[in-house]
file run26.txt (compact mmCIF, N, CA and C atoms)
# COMPACT_ATOMS: atom_id res chain seq x y z
N MET A 59 68.85 199.68 227.38
CA MET A 59 67.86 199.08 226.49
C MET A 59 68.25 197.63 226.27
N LEU A 60 67.24 196.75 226.37
CA LEU A 60 67.47 195.32 226.19
C LEU A 60 67.46 194.96 224.71
N PRO A 61 68.20 193.93 224.36
CA PRO A 61 68.15 193.48 222.97
C PRO A 61 66.73 193.04 222.61
N ARG A 62 66.39 193.12 221.35
CA ARG A 62 65.04 192.84 220.86
C ARG A 62 64.53 191.43 221.25
N PRO A 63 65.31 190.35 221.09
CA PRO A 63 64.80 189.03 221.48
C PRO A 63 64.49 188.93 222.98
N VAL A 64 65.28 189.60 223.81
CA VAL A 64 65.05 189.56 225.25
C VAL A 64 63.78 190.33 225.58
N ARG A 65 63.58 191.49 224.96
CA ARG A 65 62.35 192.27 225.19
C ARG A 65 61.12 191.47 224.78
N PHE A 66 61.21 190.81 223.63
CA PHE A 66 60.10 190.00 223.13
C PHE A 66 59.77 188.87 224.11
N SER A 67 60.79 188.22 224.63
CA SER A 67 60.59 187.15 225.60
C SER A 67 59.97 187.68 226.89
N ALA A 68 60.42 188.84 227.33
CA ALA A 68 59.89 189.43 228.56
C ALA A 68 58.42 189.79 228.38
N VAL A 69 58.05 190.32 227.23
CA VAL A 69 56.66 190.68 226.96
C VAL A 69 55.78 189.42 226.94
N LEU A 70 56.26 188.37 226.30
CA LEU A 70 55.51 187.11 226.27
C LEU A 70 55.33 186.54 227.67
N LEU A 71 56.39 186.59 228.45
CA LEU A 71 56.33 186.08 229.81
C LEU A 71 55.29 186.83 230.63
N LEU A 72 55.29 188.15 230.52
CA LEU A 72 54.31 188.97 231.23
C LEU A 72 52.89 188.68 230.73
N ALA A 73 52.73 188.50 229.44
CA ALA A 73 51.40 188.23 228.89
C ALA A 73 50.86 186.91 229.42
N PHE A 74 51.69 185.88 229.45
CA PHE A 74 51.23 184.58 229.94
C PHE A 74 51.03 184.57 231.45
N THR A 75 51.72 185.45 232.16
CA THR A 75 51.56 185.55 233.60
C THR A 75 50.17 186.08 233.94
N PHE A 76 49.67 187.02 233.16
CA PHE A 76 48.39 187.63 233.45
C PHE A 76 47.21 186.91 232.80
N VAL A 77 47.46 185.99 231.90
CA VAL A 77 46.38 185.24 231.26
C VAL A 77 46.18 183.95 232.02
N GLN A 78 45.28 183.99 232.96
CA GLN A 78 44.93 182.81 233.75
C GLN A 78 43.43 182.62 233.65
N PRO A 79 42.98 181.38 233.76
CA PRO A 79 41.53 181.16 233.66
C PRO A 79 40.79 181.88 234.78
N THR A 80 39.70 182.51 234.41
CA THR A 80 38.87 183.19 235.39
C THR A 80 37.99 182.18 236.10
N LYS A 81 37.33 182.61 237.15
CA LYS A 81 36.44 181.71 237.88
C LYS A 81 35.30 181.25 236.98
N ALA A 82 34.83 182.14 236.11
CA ALA A 82 33.75 181.77 235.20
C ALA A 82 34.20 180.68 234.23
N GLN A 83 35.43 180.79 233.72
CA GLN A 83 35.95 179.77 232.83
C GLN A 83 36.12 178.45 233.56
N GLN A 84 36.58 178.48 234.80
CA GLN A 84 36.74 177.26 235.59
C GLN A 84 35.37 176.65 235.88
N ALA A 85 34.37 177.50 236.15
CA ALA A 85 33.03 177.01 236.43
C ALA A 85 32.45 176.33 235.21
N LYS A 86 32.68 176.90 234.03
CA LYS A 86 32.18 176.30 232.80
C LYS A 86 32.80 174.93 232.58
N ALA A 87 34.07 174.78 232.93
CA ALA A 87 34.71 173.47 232.81
C ALA A 87 34.06 172.48 233.76
N ASP A 88 33.68 172.94 234.96
CA ASP A 88 33.01 172.09 235.94
C ASP A 88 31.59 171.73 235.48
N CYS A 89 30.97 172.58 234.66
CA CYS A 89 29.61 172.34 234.19
C CYS A 89 29.53 171.16 233.23
N SER A 90 30.64 170.79 232.63
CA SER A 90 30.61 169.67 231.69
C SER A 90 30.55 168.33 232.42
N LYS A 91 30.81 168.35 233.72
CA LYS A 91 30.78 167.12 234.52
C LYS A 91 29.42 167.00 235.21
N PRO A 92 28.95 165.76 235.44
CA PRO A 92 27.68 165.61 236.16
C PRO A 92 27.83 166.01 237.62
N PRO A 93 26.72 166.42 238.26
CA PRO A 93 26.77 166.79 239.68
C PRO A 93 27.19 165.62 240.56
N VAL A 94 27.79 165.94 241.69
CA VAL A 94 28.28 164.92 242.62
C VAL A 94 27.32 164.85 243.81
N VAL A 95 26.88 163.63 244.16
CA VAL A 95 26.00 163.45 245.31
C VAL A 95 26.80 163.73 246.57
N ILE A 96 26.26 164.57 247.46
CA ILE A 96 27.00 164.87 248.69
C ILE A 96 26.35 164.28 249.93
N ARG A 97 25.08 163.90 249.84
CA ARG A 97 24.43 163.34 251.01
C ARG A 97 23.34 162.37 250.57
N PRO A 98 23.52 161.09 250.88
CA PRO A 98 22.45 160.16 250.51
C PRO A 98 21.23 160.41 251.39
N PRO A 99 20.04 160.15 250.86
CA PRO A 99 18.83 160.38 251.66
C PRO A 99 18.77 159.44 252.86
N LYS A 100 18.30 159.97 253.98
CA LYS A 100 18.14 159.17 255.18
C LYS A 100 16.77 158.52 255.17
N GLN A 101 16.71 157.30 255.67
CA GLN A 101 15.46 156.57 255.71
C GLN A 101 15.02 156.36 257.15
N SER A 102 13.72 156.46 257.37
CA SER A 102 13.19 156.19 258.71
C SER A 102 13.13 154.68 258.92
N LYS A 103 12.90 154.28 260.18
CA LYS A 103 12.80 152.85 260.48
C LYS A 103 11.63 152.22 259.74
N ASP A 104 10.52 152.97 259.65
CA ASP A 104 9.34 152.45 258.94
C ASP A 104 9.66 152.19 257.46
N GLU A 105 10.37 153.12 256.84
CA GLU A 105 10.73 152.95 255.43
C GLU A 105 11.65 151.74 255.24
N LYS A 106 12.60 151.58 256.16
CA LYS A 106 13.52 150.44 256.06
C LYS A 106 12.77 149.12 256.19
N GLN A 107 11.83 149.06 257.15
CA GLN A 107 11.06 147.83 257.35
C GLN A 107 10.17 147.55 256.14
N LYS A 108 9.55 148.59 255.61
CA LYS A 108 8.69 148.44 254.45
C LYS A 108 9.48 147.96 253.23
N GLN A 109 10.69 148.53 253.05
CA GLN A 109 11.52 148.16 251.91
C GLN A 109 12.06 146.75 252.04
N SER A 110 12.26 146.29 253.27
CA SER A 110 12.78 144.94 253.44
C SER A 110 11.74 143.90 253.04
N LYS A 111 10.45 144.29 253.03
CA LYS A 111 9.38 143.37 252.67
C LYS A 111 9.03 143.43 251.19
N THR A 112 9.32 144.53 250.55
CA THR A 112 8.97 144.71 249.14
C THR A 112 10.20 145.06 248.32
N ARG A 113 10.04 144.93 247.03
CA ARG A 113 11.12 145.30 246.11
C ARG A 113 10.58 146.38 245.17
N VAL A 114 11.31 147.48 245.09
CA VAL A 114 10.93 148.57 244.21
C VAL A 114 12.09 148.79 243.25
N GLN A 115 11.77 148.80 241.98
CA GLN A 115 12.80 148.97 240.97
C GLN A 115 12.25 149.89 239.89
N GLY A 116 13.06 150.84 239.45
CA GLY A 116 12.61 151.72 238.39
C GLY A 116 13.55 152.88 238.15
N SER A 117 13.16 153.71 237.20
CA SER A 117 13.94 154.88 236.82
C SER A 117 13.16 156.14 237.14
N VAL A 118 13.91 157.18 237.51
CA VAL A 118 13.30 158.47 237.83
C VAL A 118 14.06 159.56 237.08
N ALA A 119 13.33 160.35 236.30
CA ALA A 119 13.92 161.51 235.63
C ALA A 119 13.96 162.66 236.63
N ILE A 120 15.16 163.22 236.86
CA ILE A 120 15.29 164.30 237.84
C ILE A 120 15.92 165.53 237.21
N GLU A 121 15.63 166.68 237.81
CA GLU A 121 16.27 167.94 237.45
C GLU A 121 16.95 168.47 238.70
N ILE A 122 18.23 168.81 238.55
CA ILE A 122 19.03 169.27 239.68
C ILE A 122 19.34 170.76 239.49
N SER A 123 19.00 171.58 240.48
CA SER A 123 19.25 173.02 240.40
C SER A 123 20.73 173.32 240.59
N GLU A 124 21.10 174.57 240.35
CA GLU A 124 22.48 175.01 240.56
C GLU A 124 22.89 174.86 242.02
N ASP A 125 21.91 174.92 242.93
CA ASP A 125 22.18 174.81 244.36
C ASP A 125 22.39 173.37 244.81
N GLY A 126 22.09 172.41 243.93
CA GLY A 126 22.28 171.01 244.26
C GLY A 126 21.03 170.31 244.76
N ASP A 127 19.88 170.98 244.67
CA ASP A 127 18.62 170.39 245.10
C ASP A 127 17.90 169.76 243.91
N VAL A 128 17.20 168.65 244.16
CA VAL A 128 16.37 168.04 243.13
C VAL A 128 15.07 168.82 243.10
N VAL A 129 14.82 169.52 241.99
CA VAL A 129 13.64 170.37 241.89
C VAL A 129 12.48 169.66 241.20
N SER A 130 12.77 168.57 240.52
CA SER A 130 11.72 167.82 239.84
C SER A 130 12.12 166.35 239.78
N ALA A 131 11.16 165.47 240.05
CA ALA A 131 11.40 164.03 239.97
C ALA A 131 10.14 163.37 239.43
N LYS A 132 10.27 162.61 238.36
CA LYS A 132 9.14 161.95 237.74
C LYS A 132 9.53 160.51 237.41
N ALA A 133 8.84 159.55 238.04
CA ALA A 133 9.10 158.14 237.78
C ALA A 133 8.74 157.83 236.33
N GLU A 134 9.59 157.08 235.68
CA GLU A 134 9.35 156.72 234.28
C GLU A 134 8.63 155.38 234.22
N PRO A 135 7.79 155.21 233.24
CA PRO A 135 7.09 153.93 233.08
C PRO A 135 8.09 152.80 232.99
N PRO A 136 7.80 151.65 233.51
CA PRO A 136 6.51 151.12 233.91
C PRO A 136 6.17 151.34 235.38
N SER A 137 6.88 152.18 236.12
CA SER A 137 6.57 152.42 237.54
C SER A 137 5.25 153.17 237.65
N GLU A 138 4.38 152.66 238.51
CA GLU A 138 3.07 153.26 238.70
C GLU A 138 2.69 153.20 240.19
N GLY A 139 1.73 154.03 240.55
CA GLY A 139 1.15 153.99 241.88
C GLY A 139 2.13 154.22 243.01
N GLU A 140 2.02 153.34 244.03
CA GLU A 140 2.82 153.50 245.24
C GLU A 140 4.31 153.38 244.97
N SER A 141 4.71 152.47 244.09
CA SER A 141 6.15 152.32 243.81
C SER A 141 6.70 153.57 243.13
N ALA A 142 5.93 154.19 242.24
CA ALA A 142 6.37 155.43 241.59
C ALA A 142 6.51 156.55 242.62
N ASP A 143 5.54 156.64 243.53
CA ASP A 143 5.60 157.67 244.58
C ASP A 143 6.82 157.46 245.46
N GLN A 144 7.12 156.21 245.79
CA GLN A 144 8.28 155.90 246.63
C GLN A 144 9.58 156.26 245.92
N LEU A 145 9.68 155.92 244.65
CA LEU A 145 10.88 156.25 243.88
C LEU A 145 11.07 157.77 243.79
N GLU A 146 9.98 158.49 243.53
CA GLU A 146 10.06 159.95 243.42
C GLU A 146 10.47 160.59 244.74
N SER A 147 9.94 160.11 245.86
CA SER A 147 10.30 160.70 247.16
C SER A 147 11.77 160.45 247.50
N ILE A 148 12.27 159.27 247.14
CA ILE A 148 13.69 158.99 247.37
C ILE A 148 14.56 159.91 246.52
N ALA A 149 14.18 160.11 245.26
CA ALA A 149 14.95 160.97 244.37
C ALA A 149 14.93 162.42 244.84
N LYS A 150 13.78 162.90 245.32
CA LYS A 150 13.68 164.30 245.78
C LYS A 150 14.51 164.55 247.03
N ALA A 151 14.82 163.50 247.79
CA ALA A 151 15.61 163.65 249.01
C ALA A 151 17.11 163.73 248.72
N MET A 152 17.51 163.46 247.49
CA MET A 152 18.94 163.49 247.15
C MET A 152 19.47 164.92 247.19
N LYS A 153 20.74 165.07 247.53
CA LYS A 153 21.40 166.37 247.59
C LYS A 153 22.71 166.27 246.82
N PHE A 154 23.02 167.30 246.02
CA PHE A 154 24.21 167.32 245.19
C PHE A 154 25.07 168.52 245.51
N LYS A 155 26.33 168.44 245.12
CA LYS A 155 27.27 169.55 245.30
C LYS A 155 26.81 170.71 244.41
N PRO A 156 26.74 171.94 244.94
CA PRO A 156 26.31 173.10 244.14
C PRO A 156 27.21 173.32 242.93
N ARG A 157 26.60 173.82 241.84
CA ARG A 157 27.32 174.14 240.60
C ARG A 157 26.85 175.50 240.10
N PRO A 158 27.26 176.59 240.76
CA PRO A 158 26.77 177.92 240.38
C PRO A 158 27.12 178.26 238.93
N GLY A 159 26.16 178.84 238.25
CA GLY A 159 26.37 179.27 236.87
C GLY A 159 26.17 178.17 235.83
N CYS A 160 25.84 176.97 236.26
CA CYS A 160 25.70 175.85 235.32
C CYS A 160 24.27 175.61 234.87
N GLY A 161 23.30 176.17 235.56
CA GLY A 161 21.91 175.94 235.18
C GLY A 161 21.41 174.60 235.70
N VAL A 162 20.21 174.23 235.24
CA VAL A 162 19.57 172.98 235.67
C VAL A 162 20.21 171.81 234.92
N PHE A 163 20.48 170.73 235.65
CA PHE A 163 21.05 169.52 235.07
C PHE A 163 19.97 168.44 235.08
N LYS A 164 19.71 167.84 233.93
CA LYS A 164 18.68 166.80 233.82
C LYS A 164 19.36 165.45 233.62
N THR A 165 18.86 164.44 234.35
CA THR A 165 19.41 163.09 234.24
C THR A 165 18.35 162.08 234.67
N VAL A 166 18.68 160.81 234.51
CA VAL A 166 17.79 159.73 234.93
C VAL A 166 18.57 158.87 235.94
N VAL A 167 17.91 158.57 237.07
CA VAL A 167 18.51 157.77 238.12
C VAL A 167 17.77 156.43 238.16
N ASN A 168 18.53 155.33 238.22
CA ASN A 168 17.94 154.00 238.32
C ASN A 168 18.06 153.49 239.74
N TYR A 169 16.96 152.94 240.27
CA TYR A 169 16.94 152.43 241.63
C TYR A 169 16.54 150.96 241.65
N THR A 170 17.14 150.21 242.57
CA THR A 170 16.69 148.88 242.94
C THR A 170 16.74 148.85 244.47
N ILE A 171 15.58 148.82 245.08
CA ILE A 171 15.47 148.95 246.53
C ILE A 171 14.69 147.75 247.07
N GLY A 172 15.14 147.21 248.18
CA GLY A 172 14.39 146.15 248.85
C GLY A 172 15.10 144.82 248.80
N MET A 173 14.31 143.76 248.76
CA MET A 173 14.83 142.40 248.82
C MET A 173 15.76 142.12 247.65
N SER A 174 16.77 141.30 247.92
CA SER A 174 17.67 140.93 246.84
C SER A 174 17.61 139.46 246.57

call {"tool": "encode", "arguments": {"input": "run26.txt", "output": "structure tokens"}}
result
Amino acid sequence: MLPRPVRFSAVLLLAFTFVQPTKAQQAKADCSKPPVVIRPPKQSKDEKQKQSKTRVQGSVAIEISEDGDVVSAKAEPPSEGESADQLESIAKAMKFKPRPGCGVFKTVVNYTIGMS
């Protein structure tokens, strides 16, 4: 039989050995961070030529799914018409690192595209 202080220490050691964060706890910690972009959208030659002639600037409110896809994109005023459509299409093409168990992440992305 071990002395009482040694037994107590052994029990504590065993308890701390088995108490490790679960995957769900680790995922929740990851949910507090914003999603990470993993692939910038690719542009066609026509889009590049069009953007070199014009300047588009504005903000887009986006919602990112747990899978990392942009499920909703809405240009915020004062963007209107063709520039709003262009901003929204660029935002929808974005891809983020998946965050399973975190739910939808809402944010606003600011763009300045074209001539400088």

call {"tool": "closest_residue", "arguments": {"input": "run26.txt", "among": "A:Ser130, A:Ser137, A:Thr165, A:Ser147", "to": "Gly116 (chain A)", "atoms": "only N, CA and C atoms"}}
result
A:Ser137

call {"tool": "atom_distance", "arguments": {"input": "run26.txt", "atom1": "CA of Pro93 (chain A)", "atom2": "CA of Glu146 (chain A)"}}
result
18.4 Å

call {"tool": "closest_residue", "arguments": {"input": "run26.txt", "among": "A:Ser90, A:Gln115, A:Gly172, A:Ser102", "to": "Ala142 (chain A)", "atoms": "only C-alpha atoms"}}
result
A:Gln115

call {"tool": "residues_near_point", "arguments": {"input": "run26.txt", "point": "(24.8, 178.3, 236.9)", "cutoff": "8 Å", "atoms": "all atoms listed in the file", "output": "list in words"}}
result
Ser123, Glu124, Asp125, Arg157, Pro158, Gly159, Cys160, Gly161 and Val162 of chain A

call {"tool": "atom_distance", "arguments": {"input": "run26.txt", "atom1": "atom C of Ala133 (chain A)", "atom2": "CA of Ser117 (chain A)"}}
result
6.0 Å

call {"tool": "atom_distance", "arguments": {"input": "run26.txt", "atom1": "CA of Val118 (chain A)", "atom2": "CA of Pro92 (chain A)"}}
result
16.1 Å

call {"tool": "residues_around", "arguments": {"input": "run26.txt", "residues": "Gly126 (chain A)", "least_positions_apart": "4", "cutoff": "6 Å", "atoms": "all atoms listed in the file", "output": "list in words"}}
result
Ile122, Lys153, Phe154, Lys155, Pro156 and Arg157 of chain A
